[in-house]
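Undergrad: Input structure: final-v7.txt, which contains compact mmCIF, N, CA and C atoms.
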# COMPACT_ATOMS: atom_id res chain seq x y z
N MET A 1 20.65 19.63 1.52
CA MET A 1 19.97 18.47 2.05
C MET A 1 21.00 17.43 2.45
N SER A 2 20.78 16.78 3.57
CA SER A 2 21.73 15.79 4.07
C SER A 2 21.56 14.46 3.33
N GLU A 3 22.57 13.62 3.47
CA GLU A 3 22.56 12.28 2.87
C GLU A 3 21.42 11.46 3.48
N PRO A 4 20.66 10.72 2.66
CA PRO A 4 19.56 9.90 3.20
C PRO A 4 20.10 8.84 4.16
N SER A 5 19.31 8.55 5.19
CA SER A 5 19.69 7.54 6.17
C SER A 5 19.60 6.14 5.55
N GLU A 6 20.22 5.18 6.21
CA GLU A 6 20.13 3.79 5.75
C GLU A 6 18.68 3.32 5.78
N ARG A 7 17.93 3.72 6.82
CA ARG A 7 16.52 3.34 6.92
C ARG A 7 15.72 3.94 5.76
N TYR A 8 16.06 5.16 5.37
CA TYR A 8 15.40 5.80 4.23
C TYR A 8 15.69 5.02 2.95
N ARG A 9 16.96 4.67 2.73
CA ARG A 9 17.33 3.92 1.52
C ARG A 9 16.62 2.56 1.50
N THR A 10 16.58 1.88 2.65
CA THR A 10 15.86 0.61 2.74
C THR A 10 14.38 0.82 2.46
N GLY A 11 13.82 1.86 3.05
CA GLY A 11 12.40 2.18 2.85
C GLY A 11 12.07 2.48 1.41
N MET A 12 12.93 3.22 0.75
CA MET A 12 12.68 3.56 -0.65
C MET A 12 12.74 2.31 -1.52
N LYS A 13 13.66 1.42 -1.23
CA LYS A 13 13.75 0.17 -1.99
C LYS A 13 12.47 -0.66 -1.80
N THR A 14 12.01 -0.77 -0.57
CA THR A 14 10.78 -1.52 -0.28
C THR A 14 9.57 -0.83 -0.88
N ARG A 15 9.51 0.46 -0.74
CA ARG A 15 8.39 1.25 -1.28
C ARG A 15 8.27 1.04 -2.79
N ARG A 16 9.39 1.09 -3.49
CA ARG A 16 9.39 0.87 -4.94
C ARG A 16 8.97 -0.55 -5.28
N ALA A 17 9.44 -1.53 -4.49
CA ALA A 17 9.10 -2.92 -4.75
C ALA A 17 7.61 -3.19 -4.57
N VAL A 18 7.01 -2.52 -3.60
CA VAL A 18 5.59 -2.75 -3.30
C VAL A 18 4.68 -1.90 -4.18
N LEU A 19 4.93 -0.61 -4.25
CA LEU A 19 4.02 0.30 -4.96
C LEU A 19 4.36 0.48 -6.43
N GLY A 20 5.58 0.15 -6.80
CA GLY A 20 6.01 0.33 -8.18
C GLY A 20 6.76 1.63 -8.37
N ALA A 21 7.73 1.60 -9.25
CA ALA A 21 8.60 2.77 -9.47
C ALA A 21 7.81 3.98 -9.97
N ARG A 22 6.85 3.76 -10.87
CA ARG A 22 6.09 4.89 -11.42
C ARG A 22 5.35 5.65 -10.32
N TYR A 23 4.69 4.92 -9.42
CA TYR A 23 3.96 5.58 -8.33
C TYR A 23 4.92 6.34 -7.42
N VAL A 24 6.01 5.68 -7.03
CA VAL A 24 6.97 6.31 -6.11
C VAL A 24 7.65 7.49 -6.78
N ASP A 25 8.01 7.36 -8.05
CA ASP A 25 8.63 8.48 -8.76
C ASP A 25 7.71 9.70 -8.78
N ALA A 26 6.40 9.47 -8.96
CA ALA A 26 5.44 10.59 -8.95
C ALA A 26 5.37 11.23 -7.57
N ALA A 27 5.39 10.41 -6.52
CA ALA A 27 5.36 10.95 -5.15
C ALA A 27 6.62 11.75 -4.86
N VAL A 28 7.76 11.24 -5.29
CA VAL A 28 9.03 11.94 -5.08
C VAL A 28 9.03 13.25 -5.87
N ALA A 29 8.52 13.22 -7.10
CA ALA A 29 8.48 14.43 -7.93
C ALA A 29 7.58 15.50 -7.32
N ALA A 30 6.56 15.07 -6.57
CA ALA A 30 5.64 16.02 -5.95
C ALA A 30 6.14 16.53 -4.59
N THR A 31 7.31 16.06 -4.19
CA THR A 31 7.86 16.50 -2.90
C THR A 31 8.34 17.94 -3.01
N ASP A 32 7.96 18.72 -2.01
CA ASP A 32 8.39 20.11 -1.94
C ASP A 32 8.79 20.44 -0.51
N ASP A 33 9.10 21.69 -0.24
CA ASP A 33 9.52 22.09 1.10
C ASP A 33 8.44 21.79 2.15
N PHE A 34 7.18 21.87 1.76
CA PHE A 34 6.08 21.66 2.70
C PHE A 34 5.94 20.20 3.11
N ASN A 35 6.05 19.26 2.16
CA ASN A 35 5.79 17.85 2.48
C ASN A 35 7.04 16.97 2.53
N ALA A 36 8.21 17.54 2.38
CA ALA A 36 9.44 16.75 2.36
C ALA A 36 9.65 15.97 3.66
N ASP A 37 9.41 16.62 4.79
CA ASP A 37 9.58 15.92 6.07
C ASP A 37 8.59 14.77 6.20
N PHE A 38 7.37 14.95 5.70
CA PHE A 38 6.37 13.87 5.73
C PHE A 38 6.82 12.72 4.85
N GLN A 39 7.31 13.01 3.65
CA GLN A 39 7.79 11.95 2.76
C GLN A 39 8.94 11.17 3.40
N THR A 40 9.83 11.86 4.06
CA THR A 40 10.93 11.18 4.78
C THR A 40 10.37 10.32 5.89
N LEU A 41 9.42 10.85 6.65
CA LEU A 41 8.81 10.10 7.76
C LEU A 41 8.18 8.80 7.27
N ILE A 42 7.35 8.86 6.23
CA ILE A 42 6.68 7.63 5.79
C ILE A 42 7.66 6.67 5.13
N THR A 43 8.66 7.20 4.44
CA THR A 43 9.64 6.31 3.82
C THR A 43 10.46 5.58 4.87
N GLU A 44 10.88 6.30 5.91
CA GLU A 44 11.68 5.67 6.97
C GLU A 44 10.85 4.78 7.88
N SER A 45 9.68 5.26 8.29
CA SER A 45 8.91 4.50 9.29
C SER A 45 8.04 3.42 8.67
N ALA A 46 7.14 3.79 7.78
CA ALA A 46 6.24 2.79 7.20
C ALA A 46 7.02 1.80 6.33
N TRP A 47 7.85 2.32 5.43
CA TRP A 47 8.52 1.46 4.45
C TRP A 47 9.85 0.93 4.94
N GLY A 48 10.63 1.74 5.64
CA GLY A 48 11.95 1.31 6.10
C GLY A 48 11.93 0.51 7.38
N SER A 49 10.91 0.73 8.21
CA SER A 49 10.81 -0.02 9.47
C SER A 49 9.80 -1.14 9.39
N VAL A 50 8.55 -0.84 9.10
CA VAL A 50 7.49 -1.85 9.18
C VAL A 50 7.46 -2.74 7.94
N TRP A 51 7.30 -2.17 6.76
CA TRP A 51 7.18 -2.99 5.54
C TRP A 51 8.47 -3.75 5.23
N SER A 52 9.60 -3.34 5.75
CA SER A 52 10.86 -4.01 5.47
C SER A 52 11.16 -5.16 6.43
N ARG A 53 10.34 -5.33 7.45
CA ARG A 53 10.54 -6.44 8.38
C ARG A 53 10.27 -7.76 7.67
N GLU A 54 10.92 -8.81 8.12
CA GLU A 54 10.78 -10.11 7.48
C GLU A 54 9.94 -11.10 8.28
N THR A 55 9.35 -10.67 9.38
CA THR A 55 8.57 -11.56 10.23
C THR A 55 7.37 -12.14 9.51
N ILE A 56 6.68 -11.31 8.74
CA ILE A 56 5.58 -11.79 7.90
C ILE A 56 5.89 -11.39 6.46
N SER A 57 5.25 -12.05 5.53
CA SER A 57 5.52 -11.81 4.11
C SER A 57 4.87 -10.51 3.62
N LYS A 58 5.34 -10.06 2.47
CA LYS A 58 4.72 -8.88 1.83
C LYS A 58 3.26 -9.19 1.50
N ARG A 59 2.96 -10.42 1.13
CA ARG A 59 1.59 -10.84 0.85
C ARG A 59 0.72 -10.64 2.09
N GLU A 60 1.18 -11.13 3.23
CA GLU A 60 0.40 -10.99 4.48
C GLU A 60 0.29 -9.53 4.88
N ARG A 61 1.38 -8.78 4.74
CA ARG A 61 1.36 -7.36 5.08
C ARG A 61 0.36 -6.61 4.19
N SER A 62 0.31 -7.01 2.94
CA SER A 62 -0.60 -6.40 1.98
C SER A 62 -2.06 -6.63 2.42
N MET A 63 -2.37 -7.87 2.80
CA MET A 63 -3.73 -8.20 3.24
C MET A 63 -4.10 -7.41 4.49
N LEU A 64 -3.18 -7.34 5.44
CA LEU A 64 -3.44 -6.57 6.67
C LEU A 64 -3.69 -5.11 6.35
N THR A 65 -2.84 -4.57 5.49
CA THR A 65 -2.94 -3.15 5.15
C THR A 65 -4.27 -2.83 4.48
N ILE A 66 -4.67 -3.66 3.52
CA ILE A 66 -5.95 -3.45 2.84
C ILE A 66 -7.10 -3.50 3.84
N ALA A 67 -7.08 -4.47 4.73
CA ALA A 67 -8.16 -4.60 5.72
C ALA A 67 -8.19 -3.38 6.65
N LEU A 68 -7.04 -2.97 7.12
CA LEU A 68 -7.00 -1.81 8.03
C LEU A 68 -7.46 -0.53 7.34
N LEU A 69 -6.97 -0.31 6.14
CA LEU A 69 -7.36 0.90 5.41
C LEU A 69 -8.86 0.91 5.11
N ALA A 70 -9.39 -0.25 4.74
CA ALA A 70 -10.83 -0.36 4.47
C ALA A 70 -11.62 -0.09 5.74
N ALA A 71 -11.20 -0.67 6.85
CA ALA A 71 -11.91 -0.49 8.12
C ALA A 71 -11.90 0.97 8.55
N LEU A 72 -10.82 1.67 8.24
CA LEU A 72 -10.71 3.07 8.63
C LEU A 72 -11.30 4.03 7.60
N GLY A 73 -11.76 3.50 6.45
CA GLY A 73 -12.38 4.34 5.43
C GLY A 73 -11.40 5.16 4.62
N HIS A 74 -10.17 4.71 4.51
CA HIS A 74 -9.16 5.42 3.71
C HIS A 74 -9.17 4.88 2.28
N HIS A 75 -10.17 5.33 1.53
CA HIS A 75 -10.50 4.74 0.24
C HIS A 75 -9.41 4.87 -0.81
N ASP A 76 -8.76 6.02 -0.92
CA ASP A 76 -7.69 6.17 -1.91
C ASP A 76 -6.55 5.22 -1.61
N GLU A 77 -6.24 5.06 -0.33
CA GLU A 77 -5.16 4.16 0.06
C GLU A 77 -5.54 2.70 -0.18
N VAL A 78 -6.83 2.35 -0.02
CA VAL A 78 -7.28 0.99 -0.33
C VAL A 78 -6.98 0.70 -1.79
N ALA A 79 -7.38 1.59 -2.67
CA ALA A 79 -7.16 1.39 -4.11
C ALA A 79 -5.67 1.25 -4.41
N MET A 80 -4.85 2.10 -3.82
CA MET A 80 -3.41 2.05 -4.05
C MET A 80 -2.84 0.70 -3.63
N HIS A 81 -3.27 0.21 -2.46
CA HIS A 81 -2.72 -1.06 -1.96
C HIS A 81 -3.32 -2.27 -2.68
N VAL A 82 -4.54 -2.16 -3.21
CA VAL A 82 -5.06 -3.24 -4.05
C VAL A 82 -4.21 -3.32 -5.32
N ARG A 83 -3.91 -2.17 -5.91
CA ARG A 83 -3.05 -2.17 -7.10
C ARG A 83 -1.67 -2.74 -6.78
N ALA A 84 -1.18 -2.49 -5.57
CA ALA A 84 0.15 -2.98 -5.17
C ALA A 84 0.21 -4.49 -5.02
N THR A 85 -0.95 -5.15 -4.94
CA THR A 85 -0.92 -6.61 -4.79
C THR A 85 -0.25 -7.30 -5.97
N LYS A 86 -0.18 -6.63 -7.10
CA LYS A 86 0.53 -7.22 -8.24
C LYS A 86 2.01 -7.41 -7.91
N ASN A 87 2.50 -6.67 -6.90
CA ASN A 87 3.90 -6.77 -6.50
C ASN A 87 4.11 -7.52 -5.18
N THR A 88 3.04 -7.74 -4.44
CA THR A 88 3.19 -8.35 -3.11
C THR A 88 2.85 -9.83 -3.08
N GLY A 89 2.21 -10.31 -4.13
CA GLY A 89 1.82 -11.71 -4.16
C GLY A 89 0.45 -11.99 -3.58
N ALA A 90 -0.24 -10.97 -3.10
CA ALA A 90 -1.60 -11.17 -2.60
C ALA A 90 -2.52 -11.36 -3.80
N SER A 91 -3.34 -12.38 -3.73
CA SER A 91 -4.23 -12.72 -4.84
C SER A 91 -5.58 -12.02 -4.69
N ILE A 92 -6.40 -12.17 -5.71
CA ILE A 92 -7.76 -11.65 -5.64
C ILE A 92 -8.51 -12.32 -4.48
N ASP A 93 -8.31 -13.61 -4.30
CA ASP A 93 -8.94 -14.31 -3.17
C ASP A 93 -8.44 -13.77 -1.83
N ASP A 94 -7.16 -13.42 -1.75
CA ASP A 94 -6.62 -12.83 -0.52
C ASP A 94 -7.30 -11.50 -0.21
N ILE A 95 -7.48 -10.68 -1.24
CA ILE A 95 -8.16 -9.38 -1.06
C ILE A 95 -9.58 -9.62 -0.57
N LYS A 96 -10.27 -10.56 -1.21
CA LYS A 96 -11.65 -10.88 -0.82
C LYS A 96 -11.70 -11.32 0.64
N GLU A 97 -10.80 -12.19 1.04
CA GLU A 97 -10.79 -12.68 2.43
C GLU A 97 -10.53 -11.55 3.42
N ALA A 98 -9.61 -10.65 3.07
CA ALA A 98 -9.32 -9.51 3.94
C ALA A 98 -10.57 -8.64 4.10
N LEU A 99 -11.28 -8.43 3.00
CA LEU A 99 -12.47 -7.57 3.06
C LEU A 99 -13.65 -8.27 3.75
N LEU A 100 -13.72 -9.58 3.67
CA LEU A 100 -14.73 -10.31 4.45
C LEU A 100 -14.48 -10.11 5.95
N HIS A 101 -13.22 -10.10 6.35
CA HIS A 101 -12.89 -9.82 7.75
C HIS A 101 -13.32 -8.40 8.14
N VAL A 102 -13.13 -7.47 7.22
CA VAL A 102 -13.57 -6.10 7.47
C VAL A 102 -15.06 -6.08 7.75
N ALA A 103 -15.84 -6.82 6.97
CA ALA A 103 -17.30 -6.84 7.16
C ALA A 103 -17.67 -7.29 8.56
N ILE A 104 -17.00 -8.32 9.04
CA ILE A 104 -17.33 -8.85 10.37
C ILE A 104 -16.81 -7.96 11.50
N TYR A 105 -15.59 -7.49 11.37
CA TYR A 105 -14.96 -6.79 12.49
C TYR A 105 -15.04 -5.26 12.43
N ALA A 106 -15.33 -4.71 11.26
CA ALA A 106 -15.42 -3.25 11.16
C ALA A 106 -16.75 -2.77 10.60
N GLY A 107 -17.53 -3.70 10.06
CA GLY A 107 -18.86 -3.34 9.60
C GLY A 107 -19.06 -3.55 8.11
N VAL A 108 -20.29 -3.94 7.78
CA VAL A 108 -20.65 -4.21 6.40
C VAL A 108 -20.51 -2.96 5.52
N PRO A 109 -20.91 -1.77 5.95
CA PRO A 109 -20.75 -0.61 5.07
C PRO A 109 -19.29 -0.36 4.68
N ALA A 110 -18.37 -0.52 5.61
CA ALA A 110 -16.96 -0.32 5.29
C ALA A 110 -16.49 -1.35 4.27
N ALA A 111 -16.88 -2.60 4.45
CA ALA A 111 -16.49 -3.64 3.51
C ALA A 111 -17.18 -3.46 2.16
N ASN A 112 -18.44 -3.08 2.17
CA ASN A 112 -19.18 -2.88 0.94
C ASN A 112 -18.48 -1.85 0.06
N HIS A 113 -18.12 -0.73 0.65
CA HIS A 113 -17.44 0.31 -0.12
C HIS A 113 -16.06 -0.15 -0.57
N ALA A 114 -15.35 -0.86 0.28
CA ALA A 114 -14.02 -1.34 -0.06
C ALA A 114 -14.08 -2.37 -1.19
N PHE A 115 -15.11 -3.22 -1.20
CA PHE A 115 -15.27 -4.17 -2.31
C PHE A 115 -15.44 -3.42 -3.63
N LYS A 116 -16.22 -2.33 -3.62
CA LYS A 116 -16.40 -1.52 -4.83
C LYS A 116 -15.07 -0.93 -5.29
N ILE A 117 -14.31 -0.39 -4.36
CA ILE A 117 -13.01 0.20 -4.68
C ILE A 117 -12.07 -0.86 -5.22
N ALA A 118 -12.05 -2.02 -4.58
CA ALA A 118 -11.16 -3.10 -5.00
C ALA A 118 -11.52 -3.59 -6.40
N ARG A 119 -12.81 -3.73 -6.68
CA ARG A 119 -13.24 -4.18 -8.01
C ARG A 119 -12.75 -3.21 -9.09
N THR A 120 -12.86 -1.92 -8.82
CA THR A 120 -12.41 -0.91 -9.78
C THR A 120 -10.90 -1.00 -9.96
N ALA A 121 -10.16 -1.08 -8.86
CA ALA A 121 -8.70 -1.16 -8.94
C ALA A 121 -8.25 -2.43 -9.66
N LEU A 122 -8.91 -3.54 -9.37
CA LEU A 122 -8.56 -4.80 -10.05
C LEU A 122 -8.88 -4.74 -11.54
N ALA A 123 -9.97 -4.09 -11.91
CA ALA A 123 -10.31 -3.93 -13.33
C ALA A 123 -9.26 -3.07 -14.03
N GLU A 124 -8.78 -2.04 -13.35
CA GLU A 124 -7.73 -1.20 -13.92
C GLU A 124 -6.45 -2.00 -14.12
N LEU A 125 -6.09 -2.81 -13.15
CA LEU A 125 -4.91 -3.68 -13.28
C LEU A 125 -5.06 -4.62 -14.46
N ASP A 126 -6.24 -5.21 -14.58
CA ASP A 126 -6.49 -6.14 -15.67
C ASP A 126 -6.37 -5.44 -17.01
N ALA A 127 -6.92 -4.25 -17.12
CA ALA A 127 -6.84 -3.49 -18.37
C ALA A 127 -5.40 -3.13 -18.70
N GLU A 128 -4.62 -2.74 -17.67
CA GLU A 128 -3.21 -2.41 -17.88
C GLU A 128 -2.42 -3.62 -18.37
N SER A 129 -2.73 -4.78 -17.82
CA SER A 129 -1.99 -5.99 -18.21
C SER A 129 -2.31 -6.42 -19.64
N LYS A 130 -3.47 -6.02 -20.14
CA LYS A 130 -3.86 -6.36 -21.50
C LYS A 130 -3.42 -5.33 -22.52
N ALA A 131 -2.99 -4.17 -22.03
CA ALA A 131 -2.59 -3.07 -22.94
C ALA A 131 -1.20 -3.28 -23.51
Take the structure in this file and express it as structure tokens.
TA:
Amino acid sequence: MSEPSERYRTGMKTRRAVLGARYVDAAVAATDDFNADFQTLITESAWGSVWSRETISKRERSMLTIALLAALGHHDEVAMHVRATKNTGASIDDIKEALLHVAIYAGVPAANHAFKIARTALAELDAESKA
């Protein structure tokens, strides 16, 4: 295997900062010959290019991501990014505002389901913080 690119190293640093080391370590541990190229792609492009930009804050990026994922019905990813708000600075009110936008611009059913997912993810975060 070749040496990771600078963009990959930047992406991995950002990915860990946003999603948390435990989540990223599990994703890396699950990497195999079949999905290795995909893992490199998302680390370099999503995390090393887009999430590492400084034009908008991680908080704002988090809100955008949650809204987009909810609008597209990517429920597992919504939960993951709601949990990531503990690292991005997005508040519960920020999540609520993002999902209210989903209701208006992508539809009430999409927002309704995303609110349920967010409530569950936030309850899990709360339980973890009390453990």
Undergrad: If you run DSSP on the backbone here, which positions in region 19-99 of chain A get alpha helix (DSSP H)? Please write them as an NGL selection string.
TA: :A and (19 or 21-29 or 36-42 or 58-72 or 75-88 or 92-99)
Undergrad: What lies within 10 Å of Arg7 (chain A) using only C-alpha atoms, ignoring chain neighbours under 3 positions off, as a count of residues only?
TA: 13
Undergrad: Please provide as a list in words all residues within 9 Å of Ala71 (chain A), with the sequence filter that same-chain residues fewer than 5 positions apart are discarded (counting only C-alpha atoms).
TA: Ile66, Leu99, Val102, Ala103, Tyr105, Ala106, Gly107, Ala110, Ala111 and Ala114 of chain A
Undergrad: Suppose you want the space between CA of Arg83 (chain A) and CA of Leu122 (chain A); what is it in Å?
TA: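 Result for CA of Arg83 (chain A) versus CA of Leu122 (chain A): 6.8 Å, one decimal.
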Undergrad: How many Å separate atom N of Ala121 (chain A) from atom C of Ala26 (chain A)?
TA: 19.9 Å
Undergrad: Here is a test: counting all atoms listed in the file, which residue of A:Ala79, A:Ile56, A:Leu100, A:Val24 is nearest to Thr120 (chain A)?
TA: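 The closest residue to Thr120 (chain A) is A:Ala79.
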Undergrad: Given 4 Å of margin on each side, can you work out the centre and size in Å (one decimal) of an axis-aligned box holding every listed atom of region 77-88 of chain A, as JSON?
TA:
{"center_x": -1.6, "center_y": -2.4, "center_z": -4.1, "size_x": 19.5, "size_y": 22.9, "size_z": 16.3}
Undergrad: When distances are computed from only N, CA and C atoms, which of A:Arg53, A:Ile117, A:Ala90, A:His101 shows the smallest separation from Ala67 (chain A)?
TA: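 Distance minimum relative to Ala67 (chain A) lands on A:His101.
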Undergrad: Find, counting all atoms listed in the file, the residue in A:Asp93, A:Ala30, A:Ser62, A:Phe38 that gets nearest to His81 (chain A).
TA: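 Of A:Asp93, A:Ala30, A:Ser62, A:Phe38, the one nearest His81 (chain A) is A:Ser62, counting all atoms listed in the file.
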Undergrad: To one decimal place, how far is CA of Thr88 (chain A) from CA of Thr14 (chain A) in Å?
TA: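 Distance between the two atoms: 10.6 Å.
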